[in-house]
$ cat data30.cif   # mmCIF, C-alpha atoms; chains and numbers go by the auth columns
data_my_file
#
loop_
_atom_site.group_PDB
_atom_site.id
_atom_site.type_symbol
_atom_site.label_atom_id
_atom_site.label_comp_id
_atom_site.label_asym_id
_atom_site.label_seq_id
_atom_site.Cartn_x
_atom_site.Cartn_y
_atom_site.Cartn_z
_atom_site.B_iso_or_equiv
_atom_site.auth_seq_id
_atom_site.auth_asym_id
ATOM 1 C CA MET A 1 -26.318 1.322 11.505 0.00 1 A
ATOM 2 C CA VAL A 2 -24.434 3.984 13.481 0.00 2 A
ATOM 3 C CA ALA A 3 -27.630 5.422 14.944 0.00 3 A
ATOM 4 C CA ALA A 4 -28.577 1.945 16.147 0.00 4 A
ATOM 5 C CA GLY A 5 -25.370 1.756 18.168 0.00 5 A
ATOM 6 C CA ALA A 6 -23.712 -0.905 16.021 0.00 6 A
ATOM 7 C CA LEU A 7 -20.416 1.013 16.064 0.00 7 A
ATOM 8 C CA ASP A 8 -20.389 1.936 19.750 0.00 8 A
ATOM 9 C CA GLY A 9 -16.975 1.154 21.219 0.00 9 A
ATOM 10 C CA ARG A 10 -15.569 0.291 17.805 0.00 10 A
ATOM 11 C CA ARG A 11 -13.063 2.007 15.538 0.00 11 A
ATOM 12 C CA ALA A 12 -14.403 3.774 12.454 0.00 12 A
ATOM 13 C CA THR A 13 -13.756 6.690 10.144 0.00 13 A
ATOM 14 C CA THR A 14 -15.714 9.145 8.050 0.00 14 A
ATOM 15 C CA HIS A 15 -15.084 12.006 5.648 0.00 15 A
ATOM 16 C CA TRP A 16 -12.940 14.732 7.212 0.00 16 A
ATOM 17 C CA GLN A 17 -15.656 17.296 6.469 0.00 17 A
ATOM 18 C CA TRP A 18 -18.117 15.508 8.769 0.00 18 A
ATOM 19 C CA ALA A 19 -15.734 14.297 11.501 0.00 19 A
ATOM 20 C CA ASP A 20 -16.741 16.888 14.115 0.00 20 A
ATOM 21 C CA LEU A 21 -20.460 16.364 13.505 0.00 21 A
ATOM 22 C CA PHE A 22 -20.004 12.592 13.619 0.00 22 A
ATOM 23 C CA THR A 23 -18.190 12.786 16.956 0.00 23 A
ATOM 24 C CA ALA A 24 -20.860 15.059 18.416 0.00 24 A
ATOM 25 C CA ARG A 25 -23.670 12.725 17.373 0.00 25 A
ATOM 26 C CA HIS A 26 -21.920 9.441 18.134 0.00 26 A
ATOM 27 C CA PRO A 27 -19.506 10.014 21.036 0.00 27 A
ATOM 28 C CA ASP A 28 -19.257 6.292 21.821 0.00 28 A
ATOM 29 C CA VAL A 29 -17.678 5.486 18.457 0.00 29 A
ATOM 30 C CA ARG A 30 -13.867 5.482 18.421 0.00 30 A
ATOM 31 C CA LEU A 31 -13.575 7.753 15.402 0.00 31 A
ATOM 32 C CA ILE A 32 -10.213 7.856 13.658 0.00 32 A
ATOM 33 C CA PRO A 33 -10.349 11.037 11.596 0.00 33 A
ATOM 34 C CA ASP A 34 -8.278 11.830 8.516 0.00 34 A
ATOM 35 C CA VAL A 35 -7.567 8.271 7.374 0.00 35 A
ATOM 36 C CA LEU A 36 -8.845 6.564 4.228 0.00 36 A
ATOM 37 C CA PHE A 37 -10.460 3.531 5.836 0.00 37 A
ATOM 38 C CA VAL A 38 -10.548 1.478 9.016 0.00 38 A
ATOM 39 C CA ASP A 39 -10.673 -2.310 9.341 0.00 39 A
ATOM 40 C CA ASP A 40 -12.239 -3.263 12.669 0.00 40 A
ATOM 41 C CA GLY A 41 -12.700 -6.944 11.979 0.00 41 A
ATOM 42 C CA ASP A 42 -16.232 -7.612 10.766 0.00 42 A
ATOM 43 C CA VAL A 43 -16.967 -3.902 10.331 0.00 43 A
ATOM 44 C CA LEU A 44 -15.045 -1.771 7.845 0.00 44 A
ATOM 45 C CA THR A 45 -15.635 1.916 7.167 0.00 45 A
ATOM 46 C CA ALA A 46 -14.338 4.260 4.460 0.00 46 A
ATOM 47 C CA ALA A 47 -13.981 8.016 4.404 0.00 47 A
ATOM 48 C CA GLY A 48 -15.706 8.666 1.076 0.00 48 A
ATOM 49 C CA SER A 49 -16.414 7.356 -2.411 0.00 49 A
ATOM 50 C CA ALA A 50 -12.769 7.224 -3.547 0.00 50 A
ATOM 51 C CA ALA A 51 -11.701 5.781 -0.193 0.00 51 A
ATOM 52 C CA ALA A 52 -14.378 3.109 -0.660 0.00 52 A
ATOM 53 C CA LEU A 53 -12.497 1.980 -3.777 0.00 53 A
ATOM 54 C CA ASP A 54 -9.305 1.827 -1.701 0.00 54 A
ATOM 55 C CA LEU A 55 -11.168 -0.250 0.862 0.00 55 A
ATOM 56 C CA GLY A 56 -12.539 -2.533 -1.852 0.00 56 A
ATOM 57 C CA LEU A 57 -9.067 -3.129 -3.265 0.00 57 A
ATOM 58 C CA TYR A 58 -7.775 -3.714 0.263 0.00 58 A
ATOM 59 C CA LEU A 59 -10.374 -6.475 0.674 0.00 59 A
ATOM 60 C CA VAL A 60 -9.488 -7.977 -2.707 0.00 60 A
ATOM 61 C CA ARG A 61 -5.799 -7.933 -1.723 0.00 61 A
ATOM 62 C CA ARG A 62 -6.521 -9.400 1.717 0.00 62 A
ATOM 63 C CA ASP A 63 -8.708 -12.195 0.395 0.00 63 A
ATOM 64 C CA ASN A 64 -7.079 -12.961 -2.967 0.00 64 A
ATOM 65 C CA GLY A 65 -3.532 -11.612 -2.905 0.00 65 A
ATOM 66 C CA ALA A 66 -1.589 -8.758 -4.481 0.00 66 A
ATOM 67 C CA GLU A 67 -1.552 -10.173 -8.018 0.00 67 A
ATOM 68 C CA ILE A 68 -5.334 -10.221 -8.351 0.00 68 A
ATOM 69 C CA ALA A 69 -5.669 -6.861 -6.589 0.00 69 A
ATOM 70 C CA ASN A 70 -3.233 -5.352 -9.088 0.00 70 A
ATOM 71 C CA ALA A 71 -5.206 -6.819 -11.994 0.00 71 A
ATOM 72 C CA VAL A 72 -8.409 -5.332 -10.595 0.00 72 A
ATOM 73 C CA SER A 73 -6.758 -1.946 -10.087 0.00 73 A
ATOM 74 C CA ARG A 74 -5.561 -1.937 -13.698 0.00 74 A
ATOM 75 C CA ARG A 75 -9.103 -2.647 -14.888 0.00 75 A
ATOM 76 C CA LEU A 76 -10.347 0.227 -12.731 0.00 76 A
ATOM 77 C CA VAL A 77 -7.438 2.477 -13.783 0.00 77 A
ATOM 78 C CA PHE A 78 -6.977 3.103 -10.073 0.00 78 A
ATOM 79 C CA ALA A 79 -3.987 3.115 -7.709 0.00 79 A
ATOM 80 C CA ALA A 80 -3.187 -0.470 -6.765 0.00 80 A
ATOM 81 C CA HIS A 81 -2.479 0.171 -3.102 0.00 81 A
ATOM 82 C CA ARG A 82 -3.051 3.037 -0.707 0.00 82 A
ATOM 83 C CA ASP A 83 -2.707 2.143 2.938 0.00 83 A
ATOM 84 C CA GLY A 84 -5.794 2.792 5.067 0.00 84 A
ATOM 85 C CA GLY A 85 -3.770 4.920 7.460 0.00 85 A
ATOM 86 C CA GLN A 86 -2.866 7.442 4.800 0.00 86 A
ATOM 87 C CA ARG A 87 -4.239 10.924 5.278 0.00 87 A
ATOM 88 C CA GLN A 88 -7.387 11.998 3.495 0.00 88 A
ATOM 89 C CA PHE A 89 -7.015 14.603 0.794 0.00 89 A
ATOM 90 C CA ILE A 90 -7.864 18.110 1.954 0.00 90 A
ATOM 91 C CA GLU A 91 -9.387 20.642 -0.438 0.00 91 A
ATOM 92 C CA GLN A 92 -6.628 22.688 -2.030 0.00 92 A
ATOM 93 C CA PRO A 93 -5.831 23.884 -5.547 0.00 93 A
ATOM 94 C CA VAL A 94 -3.509 21.639 -7.534 0.00 94 A
ATOM 95 C CA PRO A 95 -1.638 23.482 -10.281 0.00 95 A
ATOM 96 C CA HIS A 96 -1.896 21.969 -13.745 0.00 96 A
ATOM 97 C CA VAL A 97 1.784 21.568 -14.580 0.00 97 A
ATOM 98 C CA PRO A 98 2.204 18.483 -16.796 0.00 98 A
ATOM 99 C CA ASP A 99 5.982 18.191 -16.360 0.00 99 A
ATOM 100 C CA ALA A 100 5.656 18.383 -12.563 0.00 100 A
ATOM 101 C CA SER A 101 3.831 15.056 -12.403 0.00 101 A
ATOM 102 C CA LEU A 102 5.305 12.415 -10.136 0.00 102 A
ATOM 103 C CA ALA A 103 4.561 9.688 -12.688 0.00 103 A
ATOM 104 C CA PRO A 104 8.081 9.538 -14.226 0.00 104 A
ATOM 105 C CA VAL A 105 9.882 9.305 -10.891 0.00 105 A
ATOM 106 C CA LEU A 106 7.367 6.750 -9.585 0.00 106 A
ATOM 107 C CA ALA A 107 7.880 4.578 -12.657 0.00 107 A
ATOM 108 C CA TRP A 108 11.666 4.861 -12.285 0.00 108 A
ATOM 109 C CA ALA A 109 11.497 3.949 -8.597 0.00 109 A
ATOM 110 C CA ARG A 110 9.340 0.883 -9.298 0.00 110 A
ATOM 111 C CA GLU A 111 11.989 -0.332 -11.751 0.00 111 A
ATOM 112 C CA ASN A 112 14.717 0.092 -9.144 0.00 112 A
ATOM 113 C CA LEU A 113 13.162 -1.149 -5.921 0.00 113 A
ATOM 114 C CA ASP A 114 16.040 -3.569 -5.392 0.00 114 A
ATOM 115 C CA ARG A 115 18.395 -0.606 -4.998 0.00 115 A
ATOM 116 C CA PRO A 116 18.852 1.170 -1.632 0.00 116 A
ATOM 117 C CA LEU A 117 16.770 4.142 -2.751 0.00 117 A
ATOM 118 C CA THR A 118 16.435 7.133 -0.478 0.00 118 A
ATOM 119 C CA VAL A 119 14.202 10.184 -0.521 0.00 119 A
ATOM 120 C CA ALA A 120 17.247 12.137 -1.713 0.00 120 A
ATOM 121 C CA ASP A 121 17.585 9.753 -4.676 0.00 121 A
ATOM 122 C CA LEU A 122 13.950 10.327 -5.648 0.00 122 A
ATOM 123 C CA ALA A 123 14.353 14.079 -5.269 0.00 123 A
ATOM 124 C CA THR A 124 17.445 14.058 -7.464 0.00 124 A
ATOM 125 C CA ARG A 125 15.618 12.019 -10.104 0.00 125 A
ATOM 126 C CA ALA A 126 12.720 14.480 -10.008 0.00 126 A
ATOM 127 C CA ALA A 127 15.162 17.432 -10.101 0.00 127 A
ATOM 128 C CA VAL A 128 13.665 18.996 -6.982 0.00 128 A
ATOM 129 C CA SER A 129 14.698 19.385 -3.356 0.00 129 A
ATOM 130 C CA PRO A 130 13.659 16.712 -0.806 0.00 130 A
ATOM 131 C CA ALA A 131 11.323 19.244 0.819 0.00 131 A
ATOM 132 C CA THR A 132 9.603 19.951 -2.506 0.00 132 A
ATOM 133 C CA LEU A 133 9.310 16.223 -3.177 0.00 133 A
ATOM 134 C CA HIS A 134 7.642 15.709 0.201 0.00 134 A
ATOM 135 C CA ARG A 135 5.119 18.425 -0.600 0.00 135 A
ATOM 136 C CA ARG A 136 4.338 16.902 -4.004 0.00 136 A
ATOM 137 C CA PHE A 137 3.875 13.422 -2.535 0.00 137 A
ATOM 138 C CA GLN A 138 1.541 14.769 0.132 0.00 138 A
ATOM 139 C CA ARG A 139 -0.404 16.783 -2.417 0.00 139 A
ATOM 140 C CA GLU A 140 -0.662 14.150 -5.167 0.00 140 A
ATOM 141 C CA LEU A 141 -0.569 10.858 -3.249 0.00 141 A
ATOM 142 C CA GLY A 142 -1.488 11.775 0.321 0.00 142 A
ATOM 143 C CA THR A 143 1.588 10.093 1.747 0.00 143 A
ATOM 144 C CA THR A 144 5.339 10.570 2.198 0.00 144 A
ATOM 145 C CA PRO A 145 8.027 9.383 -0.238 0.00 145 A
ATOM 146 C CA LEU A 146 9.401 6.899 2.308 0.00 146 A
ATOM 147 C CA ALA A 147 5.967 5.454 3.101 0.00 147 A
ATOM 148 C CA TRP A 148 5.241 5.103 -0.620 0.00 148 A
ATOM 149 C CA LEU A 149 8.568 3.347 -1.226 0.00 149 A
ATOM 150 C CA THR A 150 7.933 0.907 1.605 0.00 150 A
ATOM 151 C CA ALA A 151 4.401 0.132 0.378 0.00 151 A
ATOM 152 C CA GLU A 152 5.702 -0.496 -3.164 0.00 152 A
ATOM 153 C CA ARG A 153 8.418 -2.794 -1.830 0.00 153 A
ATOM 154 C CA VAL A 154 5.929 -4.762 0.245 0.00 154 A
ATOM 155 C CA ALA A 155 3.595 -5.068 -2.771 0.00 155 A
ATOM 156 C CA LEU A 156 6.480 -6.453 -4.848 0.00 156 A
ATOM 157 C CA ALA A 157 7.404 -8.842 -2.034 0.00 157 A
ATOM 158 C CA CYS A 158 3.815 -10.080 -1.975 0.00 158 A
ATOM 159 C CA ARG A 159 3.911 -10.753 -5.725 0.00 159 A
ATOM 160 C CA LEU A 160 7.190 -12.670 -5.427 0.00 160 A
ATOM 161 C CA ILE A 161 5.841 -14.816 -2.601 0.00 161 A
ATOM 162 C CA GLU A 162 2.627 -15.447 -4.536 0.00 162 A
ATOM 163 C CA ARG A 163 4.635 -16.544 -7.573 0.00 163 A
ATOM 164 C CA GLY A 164 6.513 -19.146 -5.568 0.00 164 A
ATOM 165 C CA GLU A 165 9.805 -17.619 -4.374 0.00 165 A
ATOM 166 C CA PRO A 166 10.548 -19.522 -1.122 0.00 166 A
ATOM 167 C CA ARG A 167 13.692 -17.645 -0.016 0.00 167 A
ATOM 168 C CA LEU A 168 12.831 -14.712 2.237 0.00 168 A
ATOM 169 C CA GLU A 169 16.323 -13.248 2.033 0.00 169 A
ATOM 170 C CA ALA A 170 16.125 -13.317 -1.774 0.00 170 A
ATOM 171 C CA VAL A 171 12.751 -11.575 -1.680 0.00 171 A
ATOM 172 C CA ALA A 172 14.112 -8.999 0.757 0.00 172 A
ATOM 173 C CA ARG A 173 17.082 -8.261 -1.509 0.00 173 A
ATOM 174 C CA ALA A 174 14.994 -8.082 -4.687 0.00 174 A
ATOM 175 C CA THR A 175 12.546 -5.636 -3.121 0.00 175 A
ATOM 176 C CA GLY A 176 15.017 -3.409 -1.314 0.00 176 A
ATOM 177 C CA LEU A 177 13.694 -4.413 2.100 0.00 177 A
ATOM 178 C CA GLY A 178 17.182 -5.535 2.982 0.00 178 A
ATOM 179 C CA THR A 179 16.782 -8.464 5.340 0.00 179 A
ATOM 180 C CA GLY A 180 14.331 -11.237 6.010 0.00 180 A
ATOM 181 C CA ALA A 181 13.692 -9.738 9.443 0.00 181 A
ATOM 182 C CA ASN A 182 12.660 -6.395 7.970 0.00 182 A
ATOM 183 C CA LEU A 183 10.545 -8.192 5.355 0.00 183 A
ATOM 184 C CA ARG A 184 8.659 -9.984 8.128 0.00 184 A
ATOM 185 C CA ILE A 185 8.056 -6.737 10.004 0.00 185 A
ATOM 186 C CA GLN A 186 6.855 -4.792 6.964 0.00 186 A
ATOM 187 C CA LEU A 187 4.715 -7.610 5.558 0.00 187 A
ATOM 188 C CA ARG A 188 2.930 -8.072 8.869 0.00 188 A
ATOM 189 C CA ARG A 189 2.472 -4.305 9.210 0.00 189 A
ATOM 190 C CA HIS A 190 0.926 -3.944 5.753 0.00 190 A
ATOM 191 C CA THR A 191 -1.002 -7.226 5.405 0.00 191 A
ATOM 192 C CA GLY A 192 -1.424 -8.502 8.955 0.00 192 A
ATOM 193 C CA LEU A 193 0.254 -11.786 7.949 0.00 193 A
ATOM 194 C CA SER A 194 3.688 -13.310 8.429 0.00 194 A
ATOM 195 C CA PRO A 195 5.524 -14.394 5.242 0.00 195 A
ATOM 196 C CA SER A 196 4.745 -18.048 5.931 0.00 196 A
ATOM 197 C CA ALA A 197 1.071 -17.293 6.556 0.00 197 A
ATOM 198 C CA TYR A 198 0.945 -15.146 3.408 0.00 198 A
ATOM 199 C CA ARG A 199 2.551 -17.957 1.390 0.00 199 A
ATOM 200 C CA ARG A 200 0.064 -20.523 2.704 0.00 200 A
ATOM 201 C CA ARG A 201 -2.835 -18.244 1.836 0.00 201 A
ATOM 202 C CA PHE A 202 -1.764 -16.886 -1.546 0.00 202 A
ATOM 203 C CA GLY A 203 1.347 -18.776 -2.643 0.00 203 A
ATOM 204 C CA SER A 204 1.912 -20.615 -5.886 0.00 204 A
ATOM 205 C CA ASP A 205 3.674 -23.899 -6.448 0.00 205 A
ATOM 206 C CA GLU A 206 5.630 -22.415 -9.346 0.00 206 A
ATOM 207 C CA GLY A 207 9.403 -22.351 -8.958 0.00 207 A
ATOM 208 C CA THR A 208 10.386 -19.709 -11.495 0.00 208 A
ATOM 209 C CA VAL A 209 9.825 -16.161 -10.375 0.00 209 A
ATOM 210 C CA PRO A 210 10.236 -13.333 -12.881 0.00 210 A
ATOM 211 C CA ALA A 211 10.667 -10.167 -10.809 0.00 211 A
ATOM 212 C CA ALA A 212 11.402 -7.293 -13.152 0.00 212 A
ATOM 213 C CA GLY A 213 14.090 -9.487 -14.748 0.00 213 A
ATOM 214 C CA ARG A 214 16.138 -9.678 -11.580 0.00 214 A
ATOM 215 C CA LEU A 215 15.014 -12.737 -9.645 0.00 215 A
ATOM 216 C CA VAL A 216 14.700 -15.957 -11.626 0.00 216 A
ATOM 217 C CA SER A 217 15.148 -19.701 -11.338 0.00 217 A
ATOM 218 C CA ALA A 218 13.993 -19.940 -7.758 0.00 218 A
ATOM 219 C CA PRO A 219 14.464 -23.473 -6.413 0.00 219 A
ATOM 220 C CA SER A 220 11.360 -25.605 -6.531 0.00 220 A
ATOM 221 C CA SER A 221 10.374 -28.435 -4.268 0.00 221 A
ATOM 222 C CA ARG A 222 9.034 -30.312 -7.297 0.00 222 A
ATOM 223 C CA GLY A 223 11.122 -33.236 -8.400 0.00 223 A
ATOM 224 C CA ARG A 224 13.144 -33.323 -5.182 0.00 224 A
ATOM 225 C CA ARG A 225 13.858 -36.693 -3.698 0.00 225 A
#
$ encode --input "data30.cif" --output "structure tokens"
Amino acid sequence: MVAAGALDGRRATTHWQWADLFTARHPDVRLIPDVLFVDDGDVLTAAGSAAALDLGLYLVRRDNGAEIANAVSRRLVFAAHRDGGQRQFIEQPVPHVPDASLAPVLAWARENLDRPLTVADLATRAAVSPATLHRRFQRELGTTPLAWLTAERVALACRLIERGEPRLEAVARATGLGTGANLRIQLRRHTGLSPSAYRRRFGSDEGTVPAAGRLVSAPSSRGRR
């Protein structure tokens, strides 16, 4: 496909190990090195086998919504969402220290997304310095703590919208995104859709929205006169 010129003038990515060779052989391709995957409309490219799973889940999320994508990720025992712009993992030794895992602090953060969490809060919870936390996030997740927090908040916002919550300000508060304006910006950045477009595409008619026990009894249009 690449040799035939199908990617000439288009954005694409490849594994970091082959980026220089790819550029030398295909100079007309707009290679974006060191990202997981690239969506260029009708052509999508991934950086490797694991990144291909990220790309597959991205397509499931784009076409069917966050709820189904999360169900698929659980079946695969795979991370539900890694943004395509995240850096590829570079070969480096990872020490086997069970109690240094980020899993406990990630689980705690997911339960408290409605709070104004900061990187300092996560570092305190993990009992490390912010600088150490940044290094662990980069090493284990390939992203920064702030980028991870934002992606988790957007994923929760998507689930709330899919389940029928019509109030953007309520969604913004429940997810820690703060305001409806910021929700619109972040949702468009991560999904390419405005909240109204996302609701039309993936929304439910249900009026009760359980969001980690915090957001319930959302008003429904059913039964209104």
$ atom_distance --input "data30.cif" --atom1 "CA of Val171 in chain A" --atom2 "CA of Leu183 in chain A"
8.1 Å
$ atom_distance --input "data30.cif" --atom1 "CA of Thr45 in chain A" --atom2 "CA of Ala103 in chain A"
29.4 Å
$ residues_around --input "data30.cif" --residues "range 29-39 of chain A" --least-positions-apart "2" --cutoff "8 Å" --atoms "all atoms listed in the file" --output "ChimeraX atom specification"
/A:7-16,19,23,26-27,41-48,51-52,54-55,83-88
$ residues_around --input "data30.cif" --residues "Ala107 in chain A" --least-positions-apart "4" --cutoff "12 Å" --atoms "all atoms listed in the file" --output "ChimeraX atom specification"
/A:101-103,111-113,122,125-126,149,152
$ closest_residue --input "data30.cif" --among "A:Ile161, A:Ala181, A:Leu117, A:Leu106" --to "Arg200 in chain A" --atoms "all atoms listed in the file"
A:Ile161
$ closest_residue --input "data30.cif" --among "A:Gly142, A:Pro130, A:Gly5, A:Gly164" --to "Arg199 in chain A" --atoms "all atoms listed in the file"
A:Gly164
$ closest_residue --input "data30.cif" --among "A:Val105, A:Leu156, A:Tyr58, A:Leu177" --to "Leu133 in chain A" --atoms "all atoms listed in the file"
A:Val105
$ residues_near_point --input "data30.cif" --point "(10.3, 14.9, -4.7)" --cutoff "8 Å" --atoms "all atoms listed in the file" --output "number ranges by chain"
A: 102, 119, 122-124, 126-137, 145
$ residues_near_point --input "data30.cif" --point "(3.3, -13.5, -4.4)" --cutoff "8 Å" --atoms "only C-alpha atoms" --output "list of chain:residue names"
A:Gly65, A:Ala66, A:Glu67, A:Leu156, A:Ala157, A:Cys158, A:Arg159, A:Leu160, A:Ile161, A:Glu162, A:Arg163, A:Gly164, A:Glu165, A:Arg199, A:Phe202, A:Gly203, A:Ser204
$ atom_distance --input "data30.cif" --atom1 "CA of Ala109 in chain A" --atom2 "CA of Arg153 in chain A"
10.0 Å
$ residues_around --input "data30.cif" --residues "Arg184 in chain A" --least-positions-apart "2" --cutoff "10 Å" --atoms "all atoms listed in the file" --output "PyMOL selection string"
chain A and resi 154+168+172+177+179-182+186-189+193-196
$ closest_residue --input "data30.cif" --among "A:Leu146, A:Ala174, A:Ala151, A:Ile185" --to "Arg115 in chain A" --atoms "all atoms listed in the file"
A:Ala174
$ axis_aligned_box --input "data30.cif" --around "range 14-25 of chain A" --padding-each-side "6 Å" --output "JSON"
{"center_x": -18.3, "center_y": 13.2, "center_z": 12.0, "size_x": 22.7, "size_y": 20.2, "size_z": 24.8}
$ decode --input "data30.cif" --residues "range 191-203 of chain A" --atoms "N, CA, C and O atoms" --output "mmCIF file, in the first residue's frame"
data_model
loop_
_atom_site.group_PDB
_atom_site.id
_atom_site.type_symbol
_atom_site.label_atom_id
_atom_site.label_comp_id
_atom_site.auth_asym_id
_atom_site.auth_seq_id
_atom_site.Cartn_x
_atom_site.Cartn_y
_atom_site.Cartn_z
ATOM 1 N N THR A 191 -12.723 13.258 21.113
ATOM 2 C CA THR A 191 -13.615 12.440 20.275
ATOM 3 C C THR A 191 -13.894 13.044 18.906
ATOM 4 O O THR A 191 -14.406 12.351 18.026
ATOM 5 N N GLY A 192 -13.575 14.332 18.742
ATOM 6 C CA GLY A 192 -13.884 14.988 17.473
ATOM 7 C C GLY A 192 -15.337 15.419 17.362
ATOM 8 O O GLY A 192 -15.754 15.888 16.301
ATOM 9 N N LEU A 193 -16.111 15.281 18.455
ATOM 10 C CA LEU A 193 -17.535 15.610 18.423
ATOM 11 C C LEU A 193 -17.870 16.613 19.512
ATOM 12 O O LEU A 193 -17.263 16.613 20.583
ATOM 13 N N SER A 194 -18.867 17.450 19.250
ATOM 14 C CA SER A 194 -19.404 18.325 20.287
ATOM 15 C C SER A 194 -20.296 17.474 21.191
ATOM 16 O O SER A 194 -20.709 16.370 20.818
ATOM 17 N N PRO A 195 -20.617 17.957 22.416
ATOM 18 C CA PRO A 195 -21.519 17.185 23.276
ATOM 19 C C PRO A 195 -22.850 16.860 22.622
ATOM 20 O O PRO A 195 -23.355 15.739 22.752
ATOM 21 N N SER A 196 -23.432 17.819 21.907
ATOM 22 C CA SER A 196 -24.720 17.551 21.263
ATOM 23 C C SER A 196 -24.577 16.508 20.162
ATOM 24 O O SER A 196 -25.439 15.625 20.012
ATOM 25 N N ALA A 197 -23.491 16.587 19.393
ATOM 26 C CA ALA A 197 -23.272 15.592 18.341
ATOM 27 C C ALA A 197 -23.001 14.222 18.962
ATOM 28 O O ALA A 197 -23.471 13.184 18.460
ATOM 29 N N TYR A 198 -22.257 14.192 20.059
ATOM 30 C CA TYR A 198 -21.985 12.917 20.733
ATOM 31 C C TYR A 198 -23.279 12.319 21.265
ATOM 32 O O TYR A 198 -23.512 11.116 21.150
ATOM 33 N N ARG A 199 -24.144 13.165 21.840
ATOM 34 C CA ARG A 199 -25.424 12.679 22.367
ATOM 35 C C ARG A 199 -26.301 12.119 21.251
ATOM 36 O O ARG A 199 -26.934 11.070 21.417
ATOM 37 N N ARG A 200 -26.351 12.816 20.116
ATOM 38 C CA ARG A 200 -27.164 12.320 19.000
ATOM 39 C C ARG A 200 -26.658 10.968 18.501
ATOM 40 O O ARG A 200 -27.440 10.107 18.116
ATOM 41 N N ARG A 201 -25.340 10.799 18.531
ATOM 42 C CA ARG A 201 -24.753 9.584 17.979
ATOM 43 C C ARG A 201 -24.812 8.402 18.943
ATOM 44 O O ARG A 201 -25.073 7.270 18.534
ATOM 45 N N PHE A 202 -24.591 8.670 20.239
ATOM 46 C CA PHE A 202 -24.462 7.573 21.190
ATOM 47 C C PHE A 202 -25.437 7.626 22.353
ATOM 48 O O PHE A 202 -25.447 6.719 23.186
ATOM 49 N N GLY A 203 -26.229 8.696 22.456
ATOM 50 C CA GLY A 203 -27.024 8.917 23.656
ATOM 51 C C GLY A 203 -28.153 7.934 23.851
ATOM 52 O O GLY A 203 -28.636 7.283 22.919
#
